[in-house]
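Down below is the structure, laid out as structure tokens.
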Amino acid sequence: MSGSYALQLMTWRDLDIYLEMTDGSVDAFLELGRMLAAAIRPRKASFTDHLHFPATENVRGLYWGIHTDLLSRGGWKIDVWGVGSDTCAERLRHNERIAAGLNADTRAAILSIKNEVCRHPRYRDAITSQHIYDAVQSSGVRTLDEFWRYLGRDHDD
């Protein structure tokens with residue numbers, strides 16, 4: 001488990017899971033998707049091969065993006081990545097680096113900013129949680145206005 005759930009920085013229902021795959025088997029990962037679909041009955045599931053084709057993400061691996069309403073009212077988004085051992089270890093180290101910089105002050109600032117920014121139309125493509133973590137932990141940003149200034153843009157951009 002990685003991301004905001006592991007860091008206790010969730011502002012919406014989103015899980016990031018990295019599975020270490022030794023052989024990069026597309027067939028095995030597709031079977032995993034079938035088993036997940038049977039268990040949680042997603043309303044939407046999409047598969048992308050970022051391992052064998054040019055990656056559009058910063059992670060090299062196989063990906064399932066799953067949206068389900070089964071787990072709770074309002075739904076969950078679940079990102080499941082099948083990655084090599086080096087990538088899996090790097091993602092866990094990345095999470096640990098963020099966790100090491102958290103204290104009550106930075107956690108409160110991140111949650112406050114994420115709670116507002118997650119509704120922005122550019123969130124997840126041009127603005128990410130990583131931008132918020134960097135702003136708060138590396139640049140001392142504590143408010144939403146400071147975050148927009150940190151990005152160098154107006155909040156309506």
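In the structure tokens, chains take letters A, B, ... by order of appearance, with residues numbered from 1 within each chain and ligands from 1 in the order shown.
Taking only C-alpha atoms, the non-local environment of Leu36 in chain A within 10 Å (same-chain residues fewer than 6 positions away omitted) comprises Leu30, Pro42, Ala45, Trp64 and Ile66 of chain A.
Taking only C-alpha atoms, the non-local environment of Val80 in chain A within 7 Å (same-chain residues fewer than 3 positions away omitted) comprises A:Asp16, A:Ile17, A:Tyr18, A:Tyr63, A:Trp64, A:Gly65.
Summary of the local environment: counting only C-alpha atoms, residues at most 9 Å from range 94-102 of chain A, other than itself and those fewer than 4 positions away along its chain, are A:Ser2, A:Gly3, A:Ser4, A:Ala6, A:Leu7, A:Ala89, A:Glu90, A:Thr106, A:Arg107, A:Tyr133, A:Asp134, A:Gln137.
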For the selection you just gave me, I'd like the residues written to a file as a PDB file, in the first residue's frame, keeping N, CA and C atoms.
ATOM      1  N   SER A   2       0.503   2.213  -0.770  1.00  0.00           N
ATOM      2  CA  SER A   2       1.305   3.418  -0.915  1.00  0.00           C
ATOM      3  C   SER A   2       0.368   4.621  -0.957  1.00  0.00           C
ATOM      4  N   GLY A   3       0.920   5.789  -1.161  1.00  0.00           N
ATOM      5  CA  GLY A   3       0.101   6.973  -1.376  1.00  0.00           C
ATOM      6  C   GLY A   3      -0.566   7.494  -0.122  1.00  0.00           C
ATOM      7  N   SER A   4      -1.642   8.240  -0.336  1.00  0.00           N
ATOM      8  CA  SER A   4      -2.285   8.979   0.749  1.00  0.00           C
ATOM      9  C   SER A   4      -2.851   8.072   1.840  1.00  0.00           C
ATOM     10  N   ALA A   6      -1.564   5.144   2.926  1.00  0.00           N
ATOM     11  CA  ALA A   6      -0.430   4.734   3.755  1.00  0.00           C
ATOM     12  C   ALA A   6       0.117   5.902   4.570  1.00  0.00           C
ATOM     13  N   LEU A   7       0.028   7.099   4.020  1.00  0.00           N
ATOM     14  CA  LEU A   7       0.535   8.293   4.697  1.00  0.00           C
ATOM     15  C   LEU A   7      -0.485   8.920   5.646  1.00  0.00           C
ATOM     16  N   ALA A  89      10.310  -1.176  -4.749  1.00  0.00           N
ATOM     17  CA  ALA A  89      11.136  -0.673  -3.649  1.00  0.00           C
ATOM     18  C   ALA A  89      11.254   0.849  -3.707  1.00  0.00           C
ATOM     19  N   GLU A  90      11.404   1.404  -4.911  1.00  0.00           N
ATOM     20  CA  GLU A  90      11.510   2.856  -5.065  1.00  0.00           C
ATOM     21  C   GLU A  90      10.231   3.547  -4.629  1.00  0.00           C
ATOM     22  N   THR A 106       2.693  19.981   9.331  1.00  0.00           N
ATOM     23  CA  THR A 106       2.714  19.696   7.890  1.00  0.00           C
ATOM     24  C   THR A 106       1.529  18.822   7.488  1.00  0.00           C
ATOM     25  N   ARG A 107       1.166  17.885   8.351  1.00  0.00           N
ATOM     26  CA  ARG A 107       0.005  17.033   8.052  1.00  0.00           C
ATOM     27  C   ARG A 107      -1.263  17.875   7.937  1.00  0.00           C
ATOM     28  N   TYR A 133       2.635  17.962  -1.450  1.00  0.00           N
ATOM     29  CA  TYR A 133       3.643  17.471  -0.503  1.00  0.00           C
ATOM     30  C   TYR A 133       4.930  18.282  -0.624  1.00  0.00           C
ATOM     31  N   ASP A 134       5.379  18.515  -1.859  1.00  0.00           N
ATOM     32  CA  ASP A 134       6.612  19.284  -2.078  1.00  0.00           C
ATOM     33  C   ASP A 134       6.477  20.714  -1.562  1.00  0.00           C
ATOM     34  N   GLN A 137       6.323  20.490   2.395  1.00  0.00           N
ATOM     35  CA  GLN A 137       7.507  19.959   3.064  1.00  0.00           C
ATOM     36  C   GLN A 137       8.805  20.661   2.672  1.00  0.00           C
TER      37      GLN A 137
END
I'd like to know which residues of chain A are helix (DSSP H, G or I) (by DSSP, run on the backbone); could you write them as a PDB file with N, CA and C atoms, in the first residue's frame?
ATOM      1  N   GLY A   3       0.920   5.789  -1.161  1.00  0.00           N
ATOM      2  CA  GLY A   3       0.101   6.973  -1.376  1.00  0.00           C
ATOM      3  C   GLY A   3      -0.566   7.494  -0.122  1.00  0.00           C
ATOM      4  N   SER A   4      -1.642   8.240  -0.336  1.00  0.00           N
ATOM      5  CA  SER A   4      -2.285   8.979   0.749  1.00  0.00           C
ATOM      6  C   SER A   4      -2.851   8.072   1.840  1.00  0.00           C
ATOM      7  N   TYR A   5      -3.302   6.865   1.493  1.00  0.00           N
ATOM      8  CA  TYR A   5      -3.812   5.949   2.518  1.00  0.00           C
ATOM      9  C   TYR A   5      -2.690   5.564   3.476  1.00  0.00           C
ATOM     10  N   ALA A   6      -1.564   5.144   2.926  1.00  0.00           N
ATOM     11  CA  ALA A   6      -0.430   4.734   3.755  1.00  0.00           C
ATOM     12  C   ALA A   6       0.117   5.902   4.570  1.00  0.00           C
ATOM     13  N   LEU A   7       0.028   7.099   4.020  1.00  0.00           N
ATOM     14  CA  LEU A   7       0.535   8.293   4.697  1.00  0.00           C
ATOM     15  C   LEU A   7      -0.485   8.920   5.646  1.00  0.00           C
ATOM     16  N   VAL A  26       1.613 -10.275 -18.434  1.00  0.00           N
ATOM     17  CA  VAL A  26       0.362  -9.573 -18.715  1.00  0.00           C
ATOM     18  C   VAL A  26      -0.815 -10.488 -18.418  1.00  0.00           C
ATOM     19  N   ASP A  27      -0.713 -11.767 -18.807  1.00  0.00           N
ATOM     20  CA  ASP A  27      -1.815 -12.704 -18.571  1.00  0.00           C
ATOM     21  C   ASP A  27      -2.148 -12.821 -17.087  1.00  0.00           C
ATOM     22  N   ALA A  28      -1.129 -12.925 -16.240  1.00  0.00           N
ATOM     23  CA  ALA A  28      -1.368 -13.040 -14.797  1.00  0.00           C
ATOM     24  C   ALA A  28      -2.006 -11.766 -14.250  1.00  0.00           C
ATOM     25  N   PHE A  29      -1.581 -10.614 -14.752  1.00  0.00           N
ATOM     26  CA  PHE A  29      -2.138  -9.347 -14.280  1.00  0.00           C
ATOM     27  C   PHE A  29      -3.574  -9.166 -14.764  1.00  0.00           C
ATOM     28  N   LEU A  30      -3.863  -9.621 -15.967  1.00  0.00           N
ATOM     29  CA  LEU A  30      -5.246  -9.588 -16.455  1.00  0.00           C
ATOM     30  C   LEU A  30      -6.125 -10.507 -15.615  1.00  0.00           C
ATOM     31  N   GLU A  31      -5.592 -11.658 -15.219  1.00  0.00           N
ATOM     32  CA  GLU A  31      -6.335 -12.577 -14.356  1.00  0.00           C
ATOM     33  C   GLU A  31      -6.596 -11.929 -12.994  1.00  0.00           C
ATOM     34  N   LEU A  32      -5.628 -11.202 -12.477  1.00  0.00           N
ATOM     35  CA  LEU A  32      -5.834 -10.468 -11.230  1.00  0.00           C
ATOM     36  C   LEU A  32      -7.000  -9.497 -11.384  1.00  0.00           C
ATOM     37  N   GLY A  33      -7.061  -8.794 -12.502  1.00  0.00           N
ATOM     38  CA  GLY A  33      -8.173  -7.882 -12.763  1.00  0.00           C
ATOM     39  C   GLY A  33      -9.508  -8.598 -12.781  1.00  0.00           C
ATOM     40  N   ARG A  34      -9.530  -9.784 -13.383  1.00  0.00           N
ATOM     41  CA  ARG A  34     -10.764 -10.573 -13.407  1.00  0.00           C
ATOM     42  C   ARG A  34     -11.189 -10.952 -11.989  1.00  0.00           C
ATOM     43  N   MET A  35     -10.228 -11.368 -11.166  1.00  0.00           N
ATOM     44  CA  MET A  35     -10.538 -11.756  -9.784  1.00  0.00           C
ATOM     45  C   MET A  35     -11.010 -10.548  -8.964  1.00  0.00           C
ATOM     46  N   LEU A  36     -10.374  -9.406  -9.165  1.00  0.00           N
ATOM     47  CA  LEU A  36     -10.819  -8.195  -8.471  1.00  0.00           C
ATOM     48  C   LEU A  36     -12.238  -7.817  -8.888  1.00  0.00           C
ATOM     49  N   ALA A  37     -12.517  -7.921 -10.176  1.00  0.00           N
ATOM     50  CA  ALA A  37     -13.859  -7.587 -10.669  1.00  0.00           C
ATOM     51  C   ALA A  37     -14.911  -8.500 -10.049  1.00  0.00           C
ATOM     52  N   ALA A  38     -14.592  -9.780  -9.920  1.00  0.00           N
ATOM     53  CA  ALA A  38     -15.534 -10.718  -9.307  1.00  0.00           C
ATOM     54  C   ALA A  38     -15.755 -10.388  -7.833  1.00  0.00           C
ATOM     55  N   ALA A  39     -14.713  -9.909  -7.164  1.00  0.00           N
ATOM     56  CA  ALA A  39     -14.802  -9.646  -5.726  1.00  0.00           C
ATOM     57  C   ALA A  39     -15.462  -8.310  -5.400  1.00  0.00           C
ATOM     58  N   ILE A  40     -15.161  -7.264  -6.172  1.00  0.00           N
ATOM     59  CA  ILE A  40     -15.653  -5.934  -5.788  1.00  0.00           C
ATOM     60  C   ILE A  40     -16.591  -5.300  -6.807  1.00  0.00           C
ATOM     61  N   SER A  85      10.683  -5.392  -9.053  1.00  0.00           N
ATOM     62  CA  SER A  85      11.110  -5.233  -7.659  1.00  0.00           C
ATOM     63  C   SER A  85      11.791  -3.888  -7.414  1.00  0.00           C
ATOM     64  N   ASP A  86      12.578  -3.392  -8.372  1.00  0.00           N
ATOM     65  CA  ASP A  86      13.239  -2.093  -8.196  1.00  0.00           C
ATOM     66  C   ASP A  86      12.217  -0.966  -8.101  1.00  0.00           C
ATOM     67  N   THR A  87      11.226  -0.994  -8.982  1.00  0.00           N
ATOM     68  CA  THR A  87      10.185   0.039  -8.969  1.00  0.00           C
ATOM     69  C   THR A  87       9.370  -0.033  -7.688  1.00  0.00           C
ATOM     70  N   CYS A  88       9.037  -1.246  -7.264  1.00  0.00           N
ATOM     71  CA  CYS A  88       8.257  -1.418  -6.035  1.00  0.00           C
ATOM     72  C   CYS A  88       9.033  -0.850  -4.841  1.00  0.00           C
ATOM     73  N   ALA A  89      10.310  -1.176  -4.749  1.00  0.00           N
ATOM     74  CA  ALA A  89      11.136  -0.673  -3.649  1.00  0.00           C
ATOM     75  C   ALA A  89      11.254   0.849  -3.707  1.00  0.00           C
ATOM     76  N   GLU A  90      11.404   1.404  -4.911  1.00  0.00           N
ATOM     77  CA  GLU A  90      11.510   2.856  -5.065  1.00  0.00           C
ATOM     78  C   GLU A  90      10.231   3.547  -4.629  1.00  0.00           C
ATOM     79  N   ARG A  91       9.065   2.997  -4.985  1.00  0.00           N
ATOM     80  CA  ARG A  91       7.788   3.606  -4.593  1.00  0.00           C
ATOM     81  C   ARG A  91       7.634   3.584  -3.069  1.00  0.00           C
ATOM     82  N   LEU A  92       8.048   2.496  -2.434  1.00  0.00           N
ATOM     83  CA  LEU A  92       7.967   2.418  -0.974  1.00  0.00           C
ATOM     84  C   LEU A  92       8.933   3.413  -0.321  1.00  0.00           C
ATOM     85  N   ARG A  93      10.142   3.544  -0.865  1.00  0.00           N
ATOM     86  CA  ARG A  93      11.098   4.533  -0.338  1.00  0.00           C
ATOM     87  C   ARG A  93      10.550   5.951  -0.504  1.00  0.00           C
ATOM     88  N   HIS A  94       9.922   6.204  -1.645  1.00  0.00           N
ATOM     89  CA  HIS A  94       9.326   7.523  -1.892  1.00  0.00           C
ATOM     90  C   HIS A  94       8.291   7.843  -0.809  1.00  0.00           C
ATOM     91  N   ASN A  95       7.438   6.885  -0.509  1.00  0.00           N
ATOM     92  CA  ASN A  95       6.430   7.066   0.538  1.00  0.00           C
ATOM     93  C   ASN A  95       7.098   7.317   1.891  1.00  0.00           C
ATOM     94  N   GLU A  96       8.164   6.567   2.175  1.00  0.00           N
ATOM     95  CA  GLU A  96       8.868   6.720   3.448  1.00  0.00           C
ATOM     96  C   GLU A  96       9.499   8.107   3.575  1.00  0.00           C
ATOM     97  N   ARG A  97      10.014   8.650   2.460  1.00  0.00           N
ATOM     98  CA  ARG A  97      10.601   9.998   2.492  1.00  0.00           C
ATOM     99  C   ARG A  97       9.532  11.040   2.826  1.00  0.00           C
ATOM    100  N   ILE A  98       8.354  10.885   2.229  1.00  0.00           N
ATOM    101  CA  ILE A  98       7.264  11.821   2.540  1.00  0.00           C
ATOM    102  C   ILE A  98       6.864  11.677   4.006  1.00  0.00           C
ATOM    103  N   ALA A  99       6.699  10.433   4.465  1.00  0.00           N
ATOM    104  CA  ALA A  99       6.292  10.183   5.850  1.00  0.00           C
ATOM    105  C   ALA A  99       7.289  10.779   6.842  1.00  0.00           C
ATOM    106  N   ALA A 100       8.577  10.716   6.517  1.00  0.00           N
ATOM    107  CA  ALA A 100       9.609  11.237   7.420  1.00  0.00           C
ATOM    108  C   ALA A 100       9.492  12.749   7.610  1.00  0.00           C
ATOM    109  N   ALA A 104       2.628  17.244  12.954  1.00  0.00           N
ATOM    110  CA  ALA A 104       1.247  17.730  13.090  1.00  0.00           C
ATOM    111  C   ALA A 104       0.987  18.944  12.198  1.00  0.00           C
ATOM    112  N   ASP A 105       1.951  19.850  12.110  1.00  0.00           N
ATOM    113  CA  ASP A 105       1.798  21.073  11.321  1.00  0.00           C
ATOM    114  C   ASP A 105       1.746  20.776   9.817  1.00  0.00           C
ATOM    115  N   THR A 106       2.693  19.981   9.331  1.00  0.00           N
ATOM    116  CA  THR A 106       2.714  19.696   7.890  1.00  0.00           C
ATOM    117  C   THR A 106       1.529  18.822   7.488  1.00  0.00           C
ATOM    118  N   ARG A 107       1.166  17.885   8.351  1.00  0.00           N
ATOM    119  CA  ARG A 107       0.005  17.033   8.052  1.00  0.00           C
ATOM    120  C   ARG A 107      -1.263  17.875   7.937  1.00  0.00           C
ATOM    121  N   ALA A 108      -1.476  18.788   8.869  1.00  0.00           N
ATOM    122  CA  ALA A 108      -2.670  19.648   8.835  1.00  0.00           C
ATOM    123  C   ALA A 108      -2.677  20.517   7.584  1.00  0.00           C
ATOM    124  N   ALA A 109      -1.528  21.073   7.224  1.00  0.00           N
ATOM    125  CA  ALA A 109      -1.453  21.920   6.026  1.00  0.00           C
ATOM    126  C   ALA A 109      -1.748  21.110   4.768  1.00  0.00           C
ATOM    127  N   ILE A 110      -1.151  19.929   4.653  1.00  0.00           N
ATOM    128  CA  ILE A 110      -1.380  19.083   3.476  1.00  0.00           C
ATOM    129  C   ILE A 110      -2.851  18.717   3.364  1.00  0.00           C
ATOM    130  N   LEU A 111      -3.444  18.270   4.453  1.00  0.00           N
ATOM    131  CA  LEU A 111      -4.857  17.872   4.409  1.00  0.00           C
ATOM    132  C   LEU A 111      -5.762  19.047   4.055  1.00  0.00           C
ATOM    133  N   SER A 112      -5.491  20.204   4.606  1.00  0.00           N
ATOM    134  CA  SER A 112      -6.298  21.386   4.308  1.00  0.00           C
ATOM    135  C   SER A 112      -6.199  21.762   2.829  1.00  0.00           C
ATOM    136  N   ILE A 113      -4.984  21.792   2.299  1.00  0.00           N
ATOM    137  CA  ILE A 113      -4.790  22.161   0.892  1.00  0.00           C
ATOM    138  C   ILE A 113      -5.370  21.088  -0.028  1.00  0.00           C
ATOM    139  N   LYS A 114      -5.087  19.816   0.258  1.00  0.00           N
ATOM    140  CA  LYS A 114      -5.613  18.736  -0.589  1.00  0.00           C
ATOM    141  C   LYS A 114      -7.135  18.742  -0.620  1.00  0.00           C
ATOM    142  N   ASN A 115      -7.750  19.013   0.520  1.00  0.00           N
ATOM    143  CA  ASN A 115      -9.208  19.009   0.595  1.00  0.00           C
ATOM    144  C   ASN A 115      -9.822  20.033  -0.351  1.00  0.00           C
ATOM    145  N   GLU A 116      -9.151  21.141  -0.567  1.00  0.00           N
ATOM    146  CA  GLU A 116      -9.632  22.160  -1.506  1.00  0.00           C
ATOM    147  C   GLU A 116      -9.206  21.858  -2.940  1.00  0.00           C
ATOM    148  N   VAL A 117      -7.947  21.528  -3.125  1.00  0.00           N
ATOM    149  CA  VAL A 117      -7.390  21.357  -4.469  1.00  0.00           C
ATOM    150  C   VAL A 117      -7.953  20.116  -5.171  1.00  0.00           C
ATOM    151  N   SER A 129      -1.058  15.461  -5.877  1.00  0.00           N
ATOM    152  CA  SER A 129      -0.738  15.433  -4.449  1.00  0.00           C
ATOM    153  C   SER A 129       0.748  15.689  -4.231  1.00  0.00           C
ATOM    154  N   GLN A 130       1.579  15.185  -5.142  1.00  0.00           N
ATOM    155  CA  GLN A 130       3.022  15.384  -4.995  1.00  0.00           C
ATOM    156  C   GLN A 130       3.379  16.869  -4.980  1.00  0.00           C
ATOM    157  N   HIS A 131       2.687  17.670  -5.806  1.00  0.00           N
ATOM    158  CA  HIS A 131       2.917  19.121  -5.775  1.00  0.00           C
ATOM    159  C   HIS A 131       2.634  19.678  -4.375  1.00  0.00           C
ATOM    160  N   ILE A 132       1.567  19.196  -3.770  1.00  0.00           N
ATOM    161  CA  ILE A 132       1.190  19.673  -2.435  1.00  0.00           C
ATOM    162  C   ILE A 132       2.229  19.234  -1.407  1.00  0.00           C
ATOM    163  N   TYR A 133       2.635  17.962  -1.450  1.00  0.00           N
ATOM    164  CA  TYR A 133       3.643  17.471  -0.503  1.00  0.00           C
ATOM    165  C   TYR A 133       4.930  18.282  -0.624  1.00  0.00           C
ATOM    166  N   ASP A 134       5.379  18.515  -1.859  1.00  0.00           N
ATOM    167  CA  ASP A 134       6.612  19.284  -2.078  1.00  0.00           C
ATOM    168  C   ASP A 134       6.477  20.714  -1.562  1.00  0.00           C
ATOM    169  N   ALA A 135       5.347  21.343  -1.861  1.00  0.00           N
ATOM    170  CA  ALA A 135       5.133  22.731  -1.442  1.00  0.00           C
ATOM    171  C   ALA A 135       5.187  22.860   0.075  1.00  0.00           C
ATOM    172  N   VAL A 136       4.512  21.952   0.750  1.00  0.00           N
ATOM    173  CA  VAL A 136       4.441  22.022   2.212  1.00  0.00           C
ATOM    174  C   VAL A 136       5.767  21.611   2.846  1.00  0.00           C
ATOM    175  N   GLN A 137       6.323  20.490   2.395  1.00  0.00           N
ATOM    176  CA  GLN A 137       7.507  19.959   3.064  1.00  0.00           C
ATOM    177  C   GLN A 137       8.805  20.661   2.672  1.00  0.00           C
ATOM    178  N   SER A 138       8.908  21.123   1.451  1.00  0.00           N
ATOM    179  CA  SER A 138      10.170  21.720   0.989  1.00  0.00           C
ATOM    180  C   SER A 138      10.158  23.242   0.965  1.00  0.00           C
ATOM    181  N   SER A 139       8.967  23.826   0.826  1.00  0.00           N
ATOM    182  CA  SER A 139       8.903  25.286   0.665  1.00  0.00           C
ATOM    183  C   SER A 139       8.129  25.998   1.767  1.00  0.00           C
ATOM    184  N   LEU A 144      -3.816  27.575   1.325  1.00  0.00           N
ATOM    185  CA  LEU A 144      -4.205  27.409  -0.071  1.00  0.00           C
ATOM    186  C   LEU A 144      -3.671  28.552  -0.928  1.00  0.00           C
ATOM    187  N   ASP A 145      -3.788  29.784  -0.453  1.00  0.00           N
ATOM    188  CA  ASP A 145      -3.266  30.926  -1.220  1.00  0.00           C
ATOM    189  C   ASP A 145      -1.760  30.802  -1.437  1.00  0.00           C
ATOM    190  N   GLU A 146      -1.048  30.386  -0.404  1.00  0.00           N
ATOM    191  CA  GLU A 146       0.397  30.184  -0.553  1.00  0.00           C
ATOM    192  C   GLU A 146       0.684  29.086  -1.569  1.00  0.00           C
ATOM    193  N   PHE A 147      -0.152  28.053  -1.607  1.00  0.00           N
ATOM    194  CA  PHE A 147       0.044  26.966  -2.568  1.00  0.00           C
ATOM    195  C   PHE A 147      -0.101  27.474  -3.998  1.00  0.00           C
ATOM    196  N   TRP A 148      -1.145  28.275  -4.263  1.00  0.00           N
ATOM    197  CA  TRP A 148      -1.326  28.809  -5.620  1.00  0.00           C
ATOM    198  C   TRP A 148      -0.143  29.690  -6.001  1.00  0.00           C
ATOM    199  N   ARG A 149       0.348  30.483  -5.056  1.00  0.00           N
ATOM    200  CA  ARG A 149       1.535  31.310  -5.345  1.00  0.00           C
ATOM    201  C   ARG A 149       2.755  30.425  -5.607  1.00  0.00           C
ATOM    202  N   TYR A 150       2.894  29.367  -4.837  1.00  0.00           N
ATOM    203  CA  TYR A 150       4.004  28.418  -5.025  1.00  0.00           C
ATOM    204  C   TYR A 150       3.992  27.857  -6.450  1.00  0.00           C
ATOM    205  N   LEU A 151       2.799  27.538  -6.935  1.00  0.00           N
ATOM    206  CA  LEU A 151       2.677  27.008  -8.301  1.00  0.00           C
ATOM    207  C   LEU A 151       2.836  28.099  -9.354  1.00  0.00           C
TER     208      LEU A 151
END
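Distance-wise, CA of Asp23 in chain A and CA of Gly61 in chain A end up 11.1 Å apart.
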Could you pull out all residues of range 16-122 of chain A with a DSSP call of strand (DSSP E or B) and give them as a PyMOL selection string? chain A and resi 16-20+44-49+62-68+76-83
Excluding same-chain residues fewer than 2 positions from His52 in chain A, what lies within 12 Å of it counting only C-alpha atoms, as a PDB file with N, CA and C atoms, in the first residue's frame?
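Saved file out.pdb follows:
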ATOM      1  N   GLY A  24       6.522  -9.984 -14.989  1.00  0.00           N
ATOM      2  CA  GLY A  24       5.821  -9.011 -15.826  1.00  0.00           C
ATOM      3  C   GLY A  24       4.768  -9.642 -16.718  1.00  0.00           C
ATOM      4  N   SER A  25       4.167 -10.722 -16.258  1.00  0.00           N
ATOM      5  CA  SER A  25       3.185 -11.457 -17.053  1.00  0.00           C
ATOM      6  C   SER A  25       1.885 -10.665 -17.203  1.00  0.00           C
ATOM      7  N   VAL A  26       1.613 -10.275 -18.434  1.00  0.00           N
ATOM      8  CA  VAL A  26       0.362  -9.573 -18.715  1.00  0.00           C
ATOM      9  C   VAL A  26      -0.815 -10.488 -18.418  1.00  0.00           C
ATOM     10  N   THR A  48      -3.978  -0.736 -18.443  1.00  0.00           N
ATOM     11  CA  THR A  48      -2.992  -0.090 -19.303  1.00  0.00           C
ATOM     12  C   THR A  48      -1.654  -0.787 -19.128  1.00  0.00           C
ATOM     13  N   ASP A  49      -0.997  -1.050 -20.247  1.00  0.00           N
ATOM     14  CA  ASP A  49       0.324  -1.676 -20.232  1.00  0.00           C
ATOM     15  C   ASP A  49       1.387  -0.589 -20.383  1.00  0.00           C
ATOM     16  N   HIS A  50       1.921  -0.139 -19.246  1.00  0.00           N
ATOM     17  CA  HIS A  50       3.002   0.850 -19.237  1.00  0.00           C
ATOM     18  C   HIS A  50       4.356   0.149 -19.160  1.00  0.00           C
ATOM     19  N   PRO A  54       5.208   2.432 -24.688  1.00  0.00           N
ATOM     20  CA  PRO A  54       5.700   3.692 -24.110  1.00  0.00           C
ATOM     21  C   PRO A  54       4.824   4.155 -22.947  1.00  0.00           C
ATOM     22  N   ALA A  55       5.470   4.419 -21.845  1.00  0.00           N
ATOM     23  CA  ALA A  55       4.750   4.809 -20.630  1.00  0.00           C
ATOM     24  C   ALA A  55       4.247   6.240 -20.727  1.00  0.00           C
ATOM     25  N   THR A  56       3.004   6.431 -20.337  1.00  0.00           N
ATOM     26  CA  THR A  56       2.451   7.779 -20.225  1.00  0.00           C
ATOM     27  C   THR A  56       2.466   8.223 -18.766  1.00  0.00           C
ATOM     28  N   ARG A  60       6.779   2.536 -14.546  1.00  0.00           N
ATOM     29  CA  ARG A  60       6.827   1.499 -15.576  1.00  0.00           C
ATOM     30  C   ARG A  60       6.210   0.229 -14.998  1.00  0.00           C
ATOM     31  N   GLY A  61       5.101  -0.213 -15.584  1.00  0.00           N
ATOM     32  CA  GLY A  61       4.456  -1.416 -15.076  1.00  0.00           C
ATOM     33  C   GLY A  61       3.104  -1.618 -15.720  1.00  0.00           C
ATOM     34  N   LEU A  62       2.379  -2.577 -15.197  1.00  0.00           N
ATOM     35  CA  LEU A  62       1.020  -2.869 -15.642  1.00  0.00           C
ATOM     36  C   LEU A  62       0.064  -2.205 -14.655  1.00  0.00           C
ATOM     37  N   TYR A  63      -1.063  -1.736 -15.155  1.00  0.00           N
ATOM     38  CA  TYR A  63      -1.936  -0.901 -14.327  1.00  0.00           C
ATOM     39  C   TYR A  63      -3.396  -1.295 -14.485  1.00  0.00           C
ATOM     40  N   VAL A  83       4.532  -4.087 -10.845  1.00  0.00           N
ATOM     41  CA  VAL A  83       5.821  -3.481 -11.175  1.00  0.00           C
ATOM     42  C   VAL A  83       6.963  -4.420 -10.808  1.00  0.00           C
TER      43      VAL A  83
END
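CA of Asn58 in chain A lies 16.5 Å from CA of Glu20 in chain A.
Residues lying within 8 Å of Asp69 in chain A, counting only C-alpha atoms and ignoring same-chain neighbours fewer than 5 positions away, are Pro42, Arg43, Gly74, Gly75 and Trp76 of chain A.
With only C-alpha atoms as the atoms that count, the residue of A:Met10, A:Cys118, A:Leu19, A:Ile127 with the shortest distance to Gly84 in chain A is A:Leu19.
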Please determine, counting only C-alpha atoms, which residue among A:His120, A:Lys77, A:His67, A:Arg41 has the shortest atom-to-atom distance to Arg13 in chain A. A:Lys77
